[in-house]
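S.K.: One file: input.cif (mmCIF, C-alpha atoms).
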```cif
data_target
#
loop_
_atom_site.label_atom_id
_atom_site.label_comp_id
_atom_site.auth_asym_id
_atom_site.auth_seq_id
_atom_site.Cartn_x
_atom_site.Cartn_y
_atom_site.Cartn_z
CA MET A 24 104.28 117.33 116.89
CA LEU A 25 106.18 114.69 118.81
CA GLU A 26 109.18 113.73 116.73
CA ILE A 27 110.89 110.38 117.18
CA GLU A 28 114.36 109.51 115.95
CA PHE A 29 114.64 106.10 114.29
CA ALA A 30 118.11 104.62 114.65
CA ASN A 31 117.93 102.09 111.83
CA ALA A 32 116.35 104.27 109.15
CA GLY A 33 118.27 107.35 110.36
CA VAL A 34 115.29 109.73 110.20
CA GLU A 35 113.09 111.75 112.55
CA ILE A 36 109.34 111.41 112.00
CA SER A 37 106.26 112.69 113.80
CA LEU A 38 104.64 110.03 116.00
CA VAL A 39 101.15 111.28 115.07
CA LEU A 40 101.80 110.90 111.33
CA LEU A 41 103.07 107.36 111.77
CA LEU A 42 100.06 106.41 113.90
CA LEU A 43 97.69 107.90 111.29
CA LEU A 44 99.39 106.03 108.45
CA GLY A 45 99.20 102.79 110.44
CA LEU A 46 95.51 103.35 111.19
CA MET A 47 94.69 103.92 107.50
CA VAL A 48 96.67 100.86 106.43
CA GLY A 49 94.89 98.75 109.06
CA VAL A 50 91.41 99.88 108.02
CA LEU A 51 92.02 99.40 104.29
CA SER A 52 93.83 96.11 104.81
CA GLY A 53 91.06 94.66 106.97
CA PHE A 54 88.31 95.96 104.71
CA PHE A 55 89.76 95.07 101.30
CA GLY A 56 91.93 92.08 102.20
CA VAL A 57 95.06 93.62 100.73
CA GLY A 58 98.38 94.29 102.37
CA GLY A 59 98.41 97.97 101.49
CA GLY A 60 102.04 97.96 100.37
CA PHE A 61 101.52 100.71 97.80
CA LEU A 62 100.09 102.99 100.50
CA ILE A 63 102.71 102.28 103.20
CA THR A 64 105.71 102.61 100.92
CA GLY A 65 104.39 105.83 99.35
CA GLY A 66 103.54 107.28 102.77
CA LEU A 67 106.90 106.49 104.34
CA ILE A 68 108.77 107.97 101.38
CA VAL A 69 106.75 111.18 101.79
CA PHE A 70 107.75 111.21 105.48
CA GLY A 71 111.40 111.16 104.39
CA VAL A 72 112.25 107.50 104.97
CA PRO A 73 114.91 106.23 102.51
CA THR A 74 113.30 104.04 99.84
CA PRO A 75 114.94 100.70 100.84
CA PHE A 76 113.76 101.23 104.45
CA ALA A 77 110.30 102.34 103.25
CA VAL A 78 109.90 99.09 101.29
CA GLY A 79 111.35 96.85 104.04
CA THR A 80 109.48 98.52 106.90
CA GLY A 81 106.29 98.44 104.80
CA LEU A 82 106.60 94.71 104.13
CA THR A 83 107.15 94.04 107.84
CA LEU A 84 104.06 96.06 108.73
CA ILE A 85 102.12 94.12 106.07
CA MET A 86 103.18 90.86 107.74
CA GLY A 87 102.04 92.05 111.17
CA SER A 88 98.75 93.56 110.06
CA SER A 89 97.88 90.55 107.88
CA ILE A 90 98.40 88.27 110.91
CA ILE A 91 95.92 90.41 112.86
CA ASN A 92 93.48 90.62 109.94
CA THR A 93 93.60 86.89 109.25
CA LEU A 94 92.91 86.11 112.91
CA LYS A 95 89.98 88.50 112.85
CA HIS A 96 88.58 87.09 109.58
CA ARG A 97 89.09 83.52 110.86
CA HIS A 98 86.82 84.38 113.80
CA LEU A 99 84.21 85.48 111.27
CA GLY A 100 84.59 82.31 109.16
CA HIS A 101 86.04 84.22 106.21
CA VAL A 102 89.23 82.20 105.64
CA ASP A 103 89.37 79.16 103.33
CA PHE A 104 92.62 77.60 104.60
CA LYS A 105 92.56 74.75 102.07
CA LEU A 106 92.38 77.17 99.15
CA GLY A 107 94.93 79.42 100.84
CA LEU A 108 97.50 76.62 101.15
CA ILE A 109 97.13 75.69 97.46
CA LEU A 110 97.56 79.36 96.50
CA VAL A 111 100.66 79.63 98.69
CA SER A 112 102.18 76.51 97.09
CA GLY A 113 102.16 78.43 93.80
CA THR A 114 103.14 81.77 95.34
CA ILE A 115 106.39 80.69 97.00
CA PRO A 116 108.22 79.38 93.89
CA ALA A 117 106.84 82.36 91.93
CA LEU A 118 108.48 84.77 94.41
CA PHE A 119 111.88 83.25 93.63
CA LEU A 120 111.13 83.38 89.89
CA ALA A 121 110.22 87.07 90.27
CA GLU A 122 113.49 87.72 92.10
CA TRP A 123 115.37 86.17 89.18
CA LEU A 124 113.35 88.27 86.70
CA ILE A 125 114.10 91.47 88.65
CA ASN A 126 117.82 90.67 88.67
CA SER A 127 117.72 90.07 84.91
CA LEU A 128 115.87 93.34 84.31
CA GLU A 129 118.27 95.20 86.59
CA ALA A 130 121.22 93.78 84.68
CA ALA A 131 119.64 95.19 81.53
CA GLY A 132 118.97 98.51 83.28
CA LEU A 133 115.21 98.19 82.74
CA ALA A 134 113.89 97.13 86.16
CA GLY A 135 112.51 100.46 87.38
CA PRO A 136 110.50 101.64 84.36
CA VAL A 137 109.30 98.15 83.36
CA ILE A 138 107.99 97.43 86.84
CA ARG A 139 106.27 100.80 87.11
CA TYR A 140 104.64 100.51 83.67
CA VAL A 141 103.39 97.00 84.49
CA TYR A 142 102.08 98.31 87.81
CA VAL A 143 100.19 101.19 86.17
CA VAL A 144 98.66 99.01 83.46
CA VAL A 145 97.65 96.14 85.77
CA LEU A 146 96.12 98.44 88.39
CA ALA A 147 94.31 100.51 85.76
CA VAL A 148 92.85 97.45 84.02
CA LEU A 149 91.78 95.90 87.33
CA GLY A 150 90.28 99.11 88.66
CA LEU A 151 88.40 99.89 85.43
CA PHE A 152 87.08 96.33 85.23
CA ILE A 153 85.77 96.43 88.81
CA VAL A 154 84.13 99.83 88.30
CA TYR A 155 82.67 98.72 84.95
CA ASP A 156 81.32 95.51 86.48
CA PHE A 157 79.72 97.47 89.32
CA LEU A 158 78.05 99.97 86.97
CA ARG A 159 76.84 97.24 84.61
CA THR A 160 75.37 95.21 87.44
CA ARG A 161 73.61 98.26 88.84
CA ARG A 162 72.00 99.07 85.49
CA ALA A 163 70.92 95.54 84.75
CA THR A 164 67.54 94.22 85.74
CA VAL A 165 67.40 90.97 87.65
CA ALA A 166 66.47 89.10 84.46
CA GLN A 167 69.45 90.46 82.58
CA VAL A 168 72.00 89.91 85.28
CA GLY A 169 72.50 86.25 84.43
CA GLU A 170 73.40 87.11 80.87
CA ILE A 171 75.96 89.79 81.52
CA THR A 172 77.46 88.80 84.82
CA THR A 173 81.04 87.75 85.36
CA ALA A 174 79.65 84.80 87.34
CA ARG A 175 79.55 82.98 84.01
CA LEU A 176 83.31 83.39 83.73
CA ALA A 177 83.71 81.82 87.17
CA GLN A 178 81.42 78.93 86.22
CA ARG A 179 83.45 78.29 83.06
CA VAL A 180 86.71 78.40 84.99
CA GLN A 181 85.38 76.02 87.63
CA SER A 182 84.23 73.53 84.96
CA LEU A 183 87.55 73.50 83.08
CA LYS A 184 89.01 70.01 82.63
CA ILE A 185 92.79 70.20 82.83
CA PRO A 186 94.88 67.05 82.33
CA PRO A 187 96.23 65.06 84.06
CA HIS A 188 92.96 64.27 85.81
CA SER A 189 94.75 62.14 88.40
CA ILE A 190 98.32 61.54 89.48
CA THR A 191 100.03 58.59 91.14
CA ILE A 192 101.77 59.26 94.42
CA PRO A 193 104.59 56.69 94.78
CA GLY A 194 103.85 54.25 97.60
CA TYR A 195 100.33 55.58 98.01
CA ARG A 196 97.70 55.49 95.23
CA ARG A 197 96.28 57.49 92.35
CA VAL A 198 94.68 60.72 93.53
CA PRO A 199 92.40 62.97 91.47
CA THR A 200 93.59 66.47 90.61
CA TYR A 201 90.18 67.95 91.34
CA VAL A 202 89.35 69.41 94.72
CA SER A 203 86.39 71.00 96.42
CA PHE A 204 86.39 74.13 98.57
CA PRO A 205 83.24 73.92 100.70
CA ALA A 206 84.13 77.10 102.59
CA SER A 207 84.21 79.00 99.28
CA GLY A 208 81.15 77.26 97.84
CA ILE A 209 83.13 75.48 95.08
CA ASP A 210 82.08 71.85 94.57
CA ARG A 211 84.77 70.82 92.11
CA ILE A 212 87.70 72.57 90.44
CA SER A 213 91.02 71.50 88.98
CA VAL A 214 93.79 72.01 91.55
CA PHE A 215 95.93 73.50 88.76
CA ILE A 216 93.67 76.57 88.55
CA PRO A 217 94.20 77.96 92.09
CA PHE A 218 97.84 76.84 91.85
CA THR A 219 98.27 78.93 88.68
CA VAL A 220 96.49 81.87 90.34
CA GLY A 221 98.96 81.56 93.22
CA ILE A 222 101.87 81.68 90.77
CA GLY A 223 100.44 84.84 89.18
CA ALA A 224 99.98 86.51 92.58
CA GLY A 225 103.53 85.53 93.59
CA LEU A 226 104.99 86.95 90.39
CA PHE A 227 103.11 90.20 90.89
CA ALA A 228 104.12 90.39 94.54
CA GLY A 229 107.76 89.66 93.82
CA LEU A 230 108.04 92.00 90.85
CA LEU A 231 106.23 94.96 92.36
CA GLY A 232 107.30 94.58 95.98
CA ALA A 233 103.72 94.38 97.19
CA GLY A 234 101.91 91.51 98.91
CA GLY A 235 100.10 90.53 95.73
CA GLY A 236 96.71 90.99 97.37
CA THR A 237 95.73 93.81 95.03
CA VAL A 238 95.67 91.37 92.13
CA LEU A 239 94.68 88.21 94.00
CA MET A 240 91.54 89.60 95.65
CA PRO A 241 89.68 90.51 92.42
CA VAL A 242 90.92 87.34 90.69
CA LEU A 243 89.48 85.19 93.49
CA ILE A 244 86.16 87.02 93.22
CA PHE A 245 85.72 87.43 89.48
CA VAL A 246 87.65 84.47 88.04
CA LEU A 247 87.27 81.75 90.67
CA GLY A 248 83.84 82.97 91.82
CA ILE A 249 84.57 83.10 95.53
CA PRO A 250 82.30 85.20 97.79
CA THR A 251 83.80 88.62 98.51
CA THR A 252 84.35 88.20 102.25
CA ILE A 253 85.93 84.73 101.82
CA ALA A 254 88.20 86.16 99.12
CA ILE A 255 89.28 88.92 101.51
CA GLY A 256 90.09 86.50 104.36
CA THR A 257 91.87 83.95 102.16
CA ASP A 258 93.85 86.69 100.43
CA LEU A 259 95.08 87.94 103.81
CA PHE A 260 96.17 84.43 104.79
CA GLN A 261 98.24 84.26 101.60
CA ILE A 262 99.71 87.71 102.33
CA ILE A 263 101.09 86.45 105.67
CA ILE A 264 103.36 84.10 103.70
CA THR A 265 104.50 86.62 101.09
CA GLY A 266 104.88 89.33 103.75
CA SER A 267 106.94 87.00 105.97
CA MET A 268 109.29 86.11 103.13
CA GLY A 269 109.68 89.77 102.25
CA THR A 270 110.30 90.66 105.89
CA PHE A 271 112.99 88.02 106.24
CA ILE A 272 114.84 89.14 103.11
CA LYS A 273 114.61 92.87 103.94
CA SER A 274 115.60 92.38 107.61
CA PHE A 275 118.52 90.24 106.56
CA ASN A 276 119.70 93.16 104.42
CA ASN A 277 119.09 95.56 107.35
CA HIS A 278 116.35 97.49 105.55
CA VAL A 279 113.73 97.30 108.32
CA ASP A 280 113.22 99.71 111.19
CA PRO A 281 111.48 97.58 113.85
CA VAL A 282 110.62 100.53 116.12
CA MET A 283 108.77 102.22 113.26
CA VAL A 284 106.94 98.96 112.54
CA VAL A 285 105.83 98.55 116.15
CA ILE A 286 104.52 102.13 116.33
CA MET A 287 102.50 101.76 113.11
CA LEU A 288 101.36 98.28 114.08
CA SER A 289 99.83 99.59 117.31
CA SER A 290 97.39 101.80 115.37
CA ALA A 291 97.09 99.41 112.40
CA SER A 292 95.80 96.74 114.79
CA LEU A 293 92.92 99.04 115.80
CA GLY A 294 92.29 99.94 112.15
CA SER A 295 92.23 96.23 111.27
CA GLN A 296 89.54 95.60 113.85
CA LEU A 297 87.40 98.39 112.42
CA GLY A 298 88.03 97.51 108.76
CA THR A 299 87.29 93.82 109.26
CA ALA A 300 84.14 94.54 111.27
CA ALA A 301 82.97 96.87 108.49
CA THR A 302 82.90 93.94 106.02
CA ARG A 303 79.97 92.56 108.03
CA TYR A 304 77.91 95.71 107.65
CA VAL A 305 78.83 97.06 104.22
CA ALA A 306 77.35 95.34 101.15
CA ALA A 307 79.86 93.28 99.16
CA SER A 308 79.11 95.22 95.98
CA ARG A 309 80.11 98.42 97.78
CA ILE A 310 83.31 96.83 99.05
CA ARG A 311 84.17 95.96 95.45
CA ILE A 312 83.47 99.42 94.03
CA LEU A 313 85.49 101.11 96.78
CA PHE A 314 88.32 98.67 96.10
CA GLY A 315 88.12 99.39 92.36
CA VAL A 316 88.34 103.15 92.91
CA THR A 317 91.24 102.73 95.37
CA VAL A 318 93.13 100.58 92.86
CA LEU A 319 92.55 103.22 90.17
CA SER A 320 93.94 105.94 92.46
CA GLY A 321 97.00 103.73 93.03
CA SER A 322 97.44 103.46 89.28
CA VAL A 323 97.24 107.25 88.85
CA ALA A 324 99.74 107.79 91.70
CA VAL A 325 102.28 105.39 90.19
CA ALA A 326 101.79 106.97 86.74
CA MET A 327 102.53 110.39 88.28
CA GLU A 328 105.58 108.90 89.98
CA GLN A 329 106.81 107.55 86.64
CA ALA A 330 106.13 110.90 84.94
CA SER A 331 108.09 112.67 87.69
CA ARG A 332 111.21 110.79 86.60
CA ALA A 333 110.91 111.98 83.05
CA SER A 334 109.94 115.62 83.48
CA TRP A 335 111.13 118.88 84.97
CA GLY A 336 109.83 119.50 88.49
CA GLY A 337 109.81 115.76 89.06
CA GLU A 338 110.29 115.90 92.82
CA ALA A 339 107.15 118.00 93.28
CA LEU A 340 105.15 115.61 91.07
CA SER A 341 106.44 112.64 93.02
CA THR A 342 105.42 114.22 96.34
CA ALA A 343 102.04 115.14 94.86
CA ALA A 344 101.52 111.49 93.85
CA SER A 345 102.14 110.24 97.37
CA VAL A 346 100.03 112.99 98.95
CA LEU A 347 97.21 112.16 96.51
CA LEU A 348 97.41 108.51 97.47
CA LEU A 349 97.44 109.23 101.21
CA GLY A 350 94.62 111.78 100.93
CA PHE A 351 92.50 109.41 98.89
CA ALA A 352 93.14 106.57 101.33
CA GLY A 353 92.03 108.85 104.17
CA VAL A 354 88.80 109.69 102.32
CA ILE A 355 88.10 106.00 101.67
CA CYS A 356 88.66 105.23 105.38
CA ILE A 357 86.14 107.92 106.35
CA MET A 358 83.65 106.54 103.79
CA ILE A 359 84.06 103.03 105.23
CA ALA A 360 83.42 104.35 108.75
CA VAL A 361 80.33 106.28 107.60
CA MET A 362 78.91 103.30 105.67
CA MET A 363 79.50 101.06 108.67
CA VAL A 364 77.69 103.42 111.02
CA VAL A 365 74.82 103.92 108.56
CA ALA A 366 74.43 100.17 108.02
CA LYS A 367 74.60 99.55 111.78
CA ARG A 368 71.88 102.11 112.39
CA GLY A 369 69.78 100.81 109.48
CA ALA A 370 66.94 98.45 110.10
CA GLY A 371 68.32 95.05 110.89
CA GLY A 372 71.86 95.88 109.74
CA LYS A 373 72.95 92.61 108.25
CA GLN A 374 69.48 91.65 107.06
CA ALA A 375 69.39 94.85 105.09
CA VAL A 376 72.77 94.01 103.60
CA GLY A 377 71.51 90.57 102.63
CA ARG A 378 68.46 92.02 100.88
CA LEU A 379 70.53 94.65 99.12
CA GLU A 380 72.95 92.03 97.89
CA THR A 381 70.21 89.72 96.66
CA ARG A 382 68.98 92.59 94.54
CA ASN A 383 72.29 93.96 93.37
CA THR A 384 74.86 91.23 92.92
CA HIS A 385 75.59 88.71 90.26
CA GLU A 386 74.16 85.88 92.32
CA ALA A 387 70.72 87.27 91.88
CA GLY A 388 70.54 86.27 88.30
CA ASP A 389 71.99 82.79 88.58
CA MET B 20 118.78 102.70 128.41
CA ASN B 21 117.90 104.63 125.26
CA GLU B 22 121.53 104.74 124.14
CA SER B 23 122.06 101.03 124.68
CA LEU B 24 118.88 100.27 122.72
CA THR B 25 120.06 102.50 119.87
CA GLU B 26 123.43 100.80 119.90
CA PHE B 27 121.79 97.38 119.81
CA LEU B 28 119.49 98.39 116.93
CA THR B 29 122.36 99.70 114.85
CA THR B 30 125.07 97.12 115.52
CA PHE B 31 123.23 93.82 115.94
CA PRO B 32 121.76 93.71 112.38
CA ILE B 33 125.21 94.24 110.91
CA ASN B 34 126.96 91.64 113.06
CA ASN B 35 124.19 89.00 113.05
CA PRO B 36 121.97 89.47 109.97
CA LEU B 37 120.35 86.01 110.14
CA LEU B 38 119.55 86.26 113.85
CA TRP B 39 118.32 89.82 113.32
CA ALA B 40 115.96 88.73 110.52
CA LEU B 41 114.54 85.95 112.68
CA LEU B 42 114.28 88.27 115.69
CA VAL B 43 112.36 90.90 113.69
CA MET B 44 109.91 88.29 112.39
CA VAL B 45 109.33 86.73 115.83
CA VAL B 46 108.95 90.09 117.60
CA VAL B 47 106.54 91.50 114.99
CA ALA B 48 104.46 88.30 114.93
CA GLY B 49 104.36 88.20 118.74
CA ILE B 50 103.37 91.86 119.05
CA SER B 51 100.68 91.33 116.38
CA LEU B 52 99.15 88.52 118.42
CA VAL B 53 99.24 90.57 121.63
CA LEU B 54 97.69 93.61 119.90
CA PHE B 55 94.98 91.45 118.33
CA LEU B 56 94.03 90.04 121.74
CA PHE B 57 94.22 93.47 123.38
CA TRP B 58 91.85 95.13 120.91
CA GLU B 59 89.56 92.09 120.82
CA VAL B 60 89.05 92.23 124.59
CA LEU B 61 88.81 96.01 124.73
CA LEU B 62 86.34 96.29 121.85
CA ARG B 63 84.24 93.40 123.14
CA LEU B 64 83.81 95.34 126.35
CA ARG B 65 83.34 98.79 124.81
CA LEU B 66 82.11 98.31 121.22
CA PRO B 67 80.64 94.80 120.98
CA PHE B 68 79.44 95.25 117.39
CA VAL B 69 83.07 95.62 116.25
CA SER B 70 84.20 92.48 118.07
CA SER B 71 84.47 89.14 116.23
CA GLN B 72 82.11 87.57 118.73
CA PHE B 73 79.20 89.74 117.65
CA GLY B 74 77.04 87.65 115.33
CA SER B 75 78.25 86.05 112.13
CA SER B 76 78.69 87.32 108.64
CA LYS B 77 76.86 84.58 106.80
CA ASP B 78 74.62 87.06 105.01
CA ASN B 79 77.49 88.98 103.56
CA ASN B 80 79.39 85.78 102.80
CA GLN B 81 76.82 84.95 100.20
CA SER B 82 77.20 88.25 98.50
CA GLY B 83 80.04 87.58 96.13
CA PRO B 84 79.62 87.42 92.40
CA CYS B 85 79.76 83.66 92.28
#
```
Please re-express this file's structure in structure tokens.

M.R.:
Amino acid sequence: MLEIEFANAGVEISLVLLLLLGLMVGVLSGFFGVGGGFLITGGLIVFGVPTPFAVGTGLTLIMGSSIINTLKHRHLGHVDFKLGLILVSGTIPALFLAEWLINSLEAAGLAGPVIRYVYVVVLAVLGLFIVYDFLRTRRATVAQVGEITTARLAQRVQSLKIPPHSITIPGYRRVPTYVSFPASGIDRISVFIPFTVGIGAGLFAGLLGAGGGTVLMPVLIFVLGIPTTIAIGTDLFQIIITGSMGTFIKSFNNHVDPVMVVIMLSSASLGSQLGTAATRYVAASRIRILFGVTVLSGSVAVAMEQASRASWGGEALSTAASVLLLGFAGVICIMIAVMMVVAKRGAGGKQAVGRLETRNTHEAGD
Amino acid sequence: MNESLTEFLTTFPINNPLLWALLVMVVVAGISLVLFLFWEVLLRLRLPFVSSQFGSSKDNNQSGPC
């Protein structure tokens, strides 16, 4: 296969493998609204890229592909910019706080294991919750859905009254601390709630070196009660900011190979188009279950990676973890393509999706 | 040509880290925009159902758990 030498990273990698990795990242990123950091970094390490360059090059690819995905989702009306800006206002200071936390952990010699354990637990809990929610909703009859659905959690969160209820802006007037997000279907919510969610996403992104989308996407859906496709688009908008900050820091430290980024971006941009388009044809409940399973596979891969550091034959286990992750991502991409084609061929395409959702999702019961 | 590019890629980041960081961000953002437009136009001509211009996603927008 055509091998290319990368001057910055100092490695030779097959062009075909890089294009395939970029395509998978693009499809998953556009479909799930996540950056795909865990997949890119793992894949590049398997290809022999030194870890600092794998992280830096991955973050730069995340920035590029999230720009493409956000533009695509904006065309489809999936981005709530007002909500996105409030999230980002919490994310940016949290990134600096995370950097300070990492430095403190590193000084204590605990950074690596602590971060990996947190990663495994958070991904496992999220993935299991999403799968559990999907199975419970499927089993429930329409009458029961209202009683067991997580939509009640979102309603409670939206109705929370958090003081102060208004603040005075010097030289202006008193302004309420409650906002509405018409694009997300939220009439009234305390501004402190999305701000806090943004802080959480920023901490996660900064600590784990990912865009934070893996955590933010399900939180937007299940806690804030935002429709799945809007959550995906808004999440991607937020990832542009975190990805850009990460890119700047990593490039400054010369841990980015721009040629590698451009090669992967060329196929990721096609994958983004396909992944984003698929969100119009695949039912939201199916998007969520696929996301849940992907997150679980990420958790297993990181757990294997952690185990590889503590056991004999660690290198083989580490490689197996990355291969598992890449293989699973490839399978999910194929499933997305198949579901998209099936839905497109189905009677009425989107109408069928709408009917399916009315029957299957939480909304049905409310 | 190839050698001068390699030399630029290896020496410029070390000598001008701030400029290099800004350059990487601008180049990647610019290429992203160009690639987005390229695939949008190409897919609109060849696979219109993948293009953003094909219909809206209002039905699926309503499908969240809220």

S.K.: Could you tell me which residues of chain A sit within 7 Å of chain B when counting all atoms listed in the file, and give me the result as a PyMOL selection string?

M.R.: chain A and resi 30-31+87-88+90-91+95+98-99+174+177+244-245+248-253+270-271+274-275+277+281+289+292-293+296-297+300+303+306-307+373+376-377+380+384-386

S.K.: For the residues selected in the previous step, produce a file with C-alpha atoms as a PDB file, in the coordinates of the input.

M.R.:
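The file below, again11.pdb, is the result:
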```
ATOM      1  CA  ALA A  30     118.110 104.620 114.650  1.00  0.00           C
ATOM      2  CA  ASN A  31     117.930 102.090 111.830  1.00  0.00           C
ATOM      3  CA  GLY A  87     102.040  92.050 111.170  1.00  0.00           C
ATOM      4  CA  SER A  88      98.750  93.560 110.060  1.00  0.00           C
ATOM      5  CA  ILE A  90      98.400  88.270 110.910  1.00  0.00           C
ATOM      6  CA  ILE A  91      95.920  90.410 112.860  1.00  0.00           C
ATOM      7  CA  LYS A  95      89.980  88.500 112.850  1.00  0.00           C
ATOM      8  CA  HIS A  98      86.820  84.380 113.800  1.00  0.00           C
ATOM      9  CA  LEU A  99      84.210  85.480 111.270  1.00  0.00           C
ATOM     10  CA  ALA A 174      79.650  84.800  87.340  1.00  0.00           C
ATOM     11  CA  ALA A 177      83.710  81.820  87.170  1.00  0.00           C
ATOM     12  CA  ILE A 244      86.160  87.020  93.220  1.00  0.00           C
ATOM     13  CA  PHE A 245      85.720  87.430  89.480  1.00  0.00           C
ATOM     14  CA  GLY A 248      83.840  82.970  91.820  1.00  0.00           C
ATOM     15  CA  ILE A 249      84.570  83.100  95.530  1.00  0.00           C
ATOM     16  CA  PRO A 250      82.300  85.200  97.790  1.00  0.00           C
ATOM     17  CA  THR A 251      83.800  88.620  98.510  1.00  0.00           C
ATOM     18  CA  THR A 252      84.350  88.200 102.250  1.00  0.00           C
ATOM     19  CA  ILE A 253      85.930  84.730 101.820  1.00  0.00           C
ATOM     20  CA  THR A 270     110.300  90.660 105.890  1.00  0.00           C
ATOM     21  CA  PHE A 271     112.990  88.020 106.240  1.00  0.00           C
ATOM     22  CA  SER A 274     115.600  92.380 107.610  1.00  0.00           C
ATOM     23  CA  PHE A 275     118.520  90.240 106.560  1.00  0.00           C
ATOM     24  CA  ASN A 277     119.090  95.560 107.350  1.00  0.00           C
ATOM     25  CA  PRO A 281     111.480  97.580 113.850  1.00  0.00           C
ATOM     26  CA  SER A 289      99.830  99.590 117.310  1.00  0.00           C
ATOM     27  CA  SER A 292      95.800  96.740 114.790  1.00  0.00           C
ATOM     28  CA  LEU A 293      92.920  99.040 115.800  1.00  0.00           C
ATOM     29  CA  GLN A 296      89.540  95.600 113.850  1.00  0.00           C
ATOM     30  CA  LEU A 297      87.400  98.390 112.420  1.00  0.00           C
ATOM     31  CA  ALA A 300      84.140  94.540 111.270  1.00  0.00           C
ATOM     32  CA  ARG A 303      79.970  92.560 108.030  1.00  0.00           C
ATOM     33  CA  ALA A 306      77.350  95.340 101.150  1.00  0.00           C
ATOM     34  CA  ALA A 307      79.860  93.280  99.160  1.00  0.00           C
ATOM     35  CA  LYS A 373      72.950  92.610 108.250  1.00  0.00           C
ATOM     36  CA  VAL A 376      72.770  94.010 103.600  1.00  0.00           C
ATOM     37  CA  GLY A 377      71.510  90.570 102.630  1.00  0.00           C
ATOM     38  CA  GLU A 380      72.950  92.030  97.890  1.00  0.00           C
ATOM     39  CA  THR A 384      74.860  91.230  92.920  1.00  0.00           C
ATOM     40  CA  HIS A 385      75.590  88.710  90.260  1.00  0.00           C
ATOM     41  CA  GLU A 386      74.160  85.880  92.320  1.00  0.00           C
TER      42      GLU A 386
END
```

S.K.: Please provide as a PyMOL selection string all residues within 8 Å of region 32-35 of chain A, with the sequence filter that same-chain residues fewer than 4 positions apart are discarded (counting only C-alpha atoms).

M.R.: chain A and resi 26-28+71-73+76+278-280

S.K.: Determine the residue set returned by the PyMOL selection byres ((chain A and resi 106-118) around 9) for the present structure, and present it as number ranges by chain.

M.R.: A: 102-105, 119-123, 204, 206-207, 214, 217-230, 257-258, 260-262, 264-265, 268

S.K.: Could you state the separation of CA of Ala352 (chain A) and CA of Leu64 (chain B) in Å, given to one decimal place?

M.R.: 29.0 Å

S.K.: On this structure, which residues satisfy the PyMOL selection byres ((chain A and resi 180) around 10), written as a VMD selection string?

M.R.: chain A and resid 174 to 179 181 to 184 212 to 213 216 246 to 248

S.K.: Please indicate the distance in Å from CA of Pro241 (chain A) to CA of Ser52 (chain A), rounded to one decimal place.

M.R.: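 If I compute the distance from CA of Pro241 (chain A) to CA of Ser52 (chain A), I get 14.2 Å.
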
S.K.: Give the centre and edge lengths of an axis-aligned box, in Å to one decimal, that holds all listed atoms of region 24-33 of chain B with 3 Å on each side, as JSON.

M.R.:
```
{"center_x": 122.0, "center_y": 98.1, "center_z": 116.8, "size_x": 12.3, "size_y": 14.8, "size_z": 17.8}
```

S.K.: Check what the PyMOL selection byres ((chain A and resi 348) around 8) selects in the file above and give those residues as a list in words.

M.R.: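 Going through the file, the PyMOL selection byres ((chain A and resi 348) around 8) ends up selecting Leu62, Gly65, Ser320, Gly321, Ala324, Ala344, Ser345, Val346, Leu347, Leu349, Gly350, Phe351 and Ala352 of chain A.
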
S.K.: For a test of reading the model, state the distance in Å between CA of Val316 (chain A) and CA of Gly150 (chain A), rounded to one decimal.

M.R.: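 So the two atoms, CA of Val316 (chain A) and CA of Gly150 (chain A), lie 6.2 Å apart.
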